[in-house]
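Notes follow once the structure below has been shown.
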Amino acid sequence: MKKKILAMAMAVVMVMSMTGCGKSASSADSDLSYIKNKGTLIVGITDFAPMDYKDDNGNWIGFDADMASKVAESLGVKVEFVEIDWDNKILELENKSIDVVWNGMTLTSEVTSAMECTKPYLNNAQVVVVPAADAASYSDKDSVSGLSFAVESGSAGEQAAIDNGFEYTSLTSQADAVMEVDAGTSGACIIDLLMAGAMVGEGTSYADLTHTVELTTEEYGIGCRKGSDLASYINDQLAAFYKDGSMIDIAKTYGVQDALIAQ
């Protein structure tokens, strides 16, 4: 009898232990819990105006930076921006060096298969940037096909160069690609339309450059670890910020309101 009672007691302990472990595992699998517990939302970015860039005081600002800060605030945690090598964005997520990629990221098949992505929030395109003095000569894909291009490694711009059979050089960032054209090292570059609107043309640092041919149309999304519950949370927050008008106000601040997708 004593042996039966002892066996039953041990069984109860084991069941309780397994139940407890189940709860612990569930909690451990939650990115939201993980982020709240450590008190910081680490955002992977590159220097990419008007999405993520530094102000005169060295603080990260931009449409994406401001939206990420609002989401961090809603979680009750601090936001930390970390510059990453764009080629390594998936690895950075998996290693938990960052919690989210929030940097005008095009929703390519590679991205959506490797990350838990949000719904799209901005429309974009890949455009060709050339010296303004030469712009009249470049009106379609055929006319730019003989140029040497600079592109950001691992970017949608690089993929556009590949898809069109263009000769290209891969660089660390889109900003570097623009500098190559300005220096005359490359005949053109392929960058995001939203970046081109902020970086080249009259009133910018590259007034002698302009964008011409649109090679692709695409959408931006935000990337989290595969299976992460953070993506769904961000979707809900963006919907709320769109509804209360704050997302639209931030978009207007950075001149991207016409590209905004209703949430």
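Each chain in the structure tokens gets a letter, A, B, ..., in the order shown, and its residues are numbered from 1; ligands are numbered from 1 in order too.
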
Taking the DSSP secondary structure from the backbone, can you list the residues of segment 74-192 of chain A that are alpha helix (DSSP H), as a PyMOL selection string? chain A and resi 74-75+89-94+109-114+141-144+156-163+174-183

Please provide as a list in words all residues within 9 Å of Gly104 of chain A, with the sequence filter that same-chain residues fewer than 4 positions apart are discarded (counting only C-alpha atoms).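 Surrounding residues, per the criterion: Ile45, Phe48, Met51, Asp52, Asp64, Leu122, Asn124, Asp192, Leu194, Glu219, Tyr220, Gly221 and Ile222 of chain A.
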
Using Å and a single decimal, report how far atom CA of Asn59 of chain A sits from atom CA of Asp249 of chain A.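 Taking atom CA of Asp249 of chain A and atom CA of Asn59 of chain A, their separation equals 19.8 Å.
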
Test item: residues at most 7 Å from Thr40 of chain A, only C-alpha atoms, excluding those fewer than 5 positions along its chain, as a list in words: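 In the requested format, the answer is Ile35, Val77, Lys78, Val79 and Glu80 of chain A.
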
With N, CA and C atoms retained, could you export that selection as a short mmCIF file (atom, residue, chain, number, x, y, z; two decimals), in the first residue's frame?
data_model
loop_
_atom_site.label_atom_id
_atom_site.label_comp_id
_atom_site.auth_asym_id
_atom_site.auth_seq_id
_atom_site.Cartn_x
_atom_site.Cartn_y
_atom_site.Cartn_z
N ILE A 35 11.94 40.01 -25.04
CA ILE A 35 12.28 41.43 -25.18
C ILE A 35 11.88 42.21 -23.93
N VAL A 77 9.75 49.09 -23.15
CA VAL A 77 11.20 48.83 -23.16
C VAL A 77 11.91 49.96 -23.89
N LYS A 78 13.24 49.99 -23.76
CA LYS A 78 14.06 50.96 -24.48
C LYS A 78 14.30 50.44 -25.90
N VAL A 79 14.60 51.35 -26.81
CA VAL A 79 14.95 50.96 -28.16
C VAL A 79 16.45 51.17 -28.35
N GLU A 80 17.09 50.24 -29.04
CA GLU A 80 18.52 50.35 -29.35
C GLU A 80 18.70 50.05 -30.83
#

Between A:Thr118, A:Asn37, A:Asn103, A:Ser113, which is the closest to Gly76 of chain A once you count only C-alpha atoms? A:Asn37

To one decimal in Å, tell me the separation between atom CA of Val181 of chain A and atom CA of Glu167 of chain A.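 Pair atom CA of Val181 of chain A / atom CA of Glu167 of chain A returns 14.2 Å.
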
Using only C-alpha atoms, which residues sit within 10 Å of Arg225 of chain A once same-chain residues fewer than 6 positions away are excluded, as a PyMOL selection string? chain A and resi 31+90-96+98-101+114-117+231

Report as a ChimeraX atom specification: the residues of segment 92-246 of chain A with a DSSP assignment of strand (DSSP E), based on the backbone of this structure. /A:100-106,116-117,122-131,148-152,167-171,188-192,209-224

Using only C-alpha atoms: which of A:Ser153, A:Ser148, A:Thr212, A:Thr185 has the shortest distance to Ser170 of chain A: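 Checking each of A:Ser153, A:Ser148, A:Thr212, A:Thr185 against Ser170 of chain A, counting only C-alpha atoms, the winner is A:Ser153.
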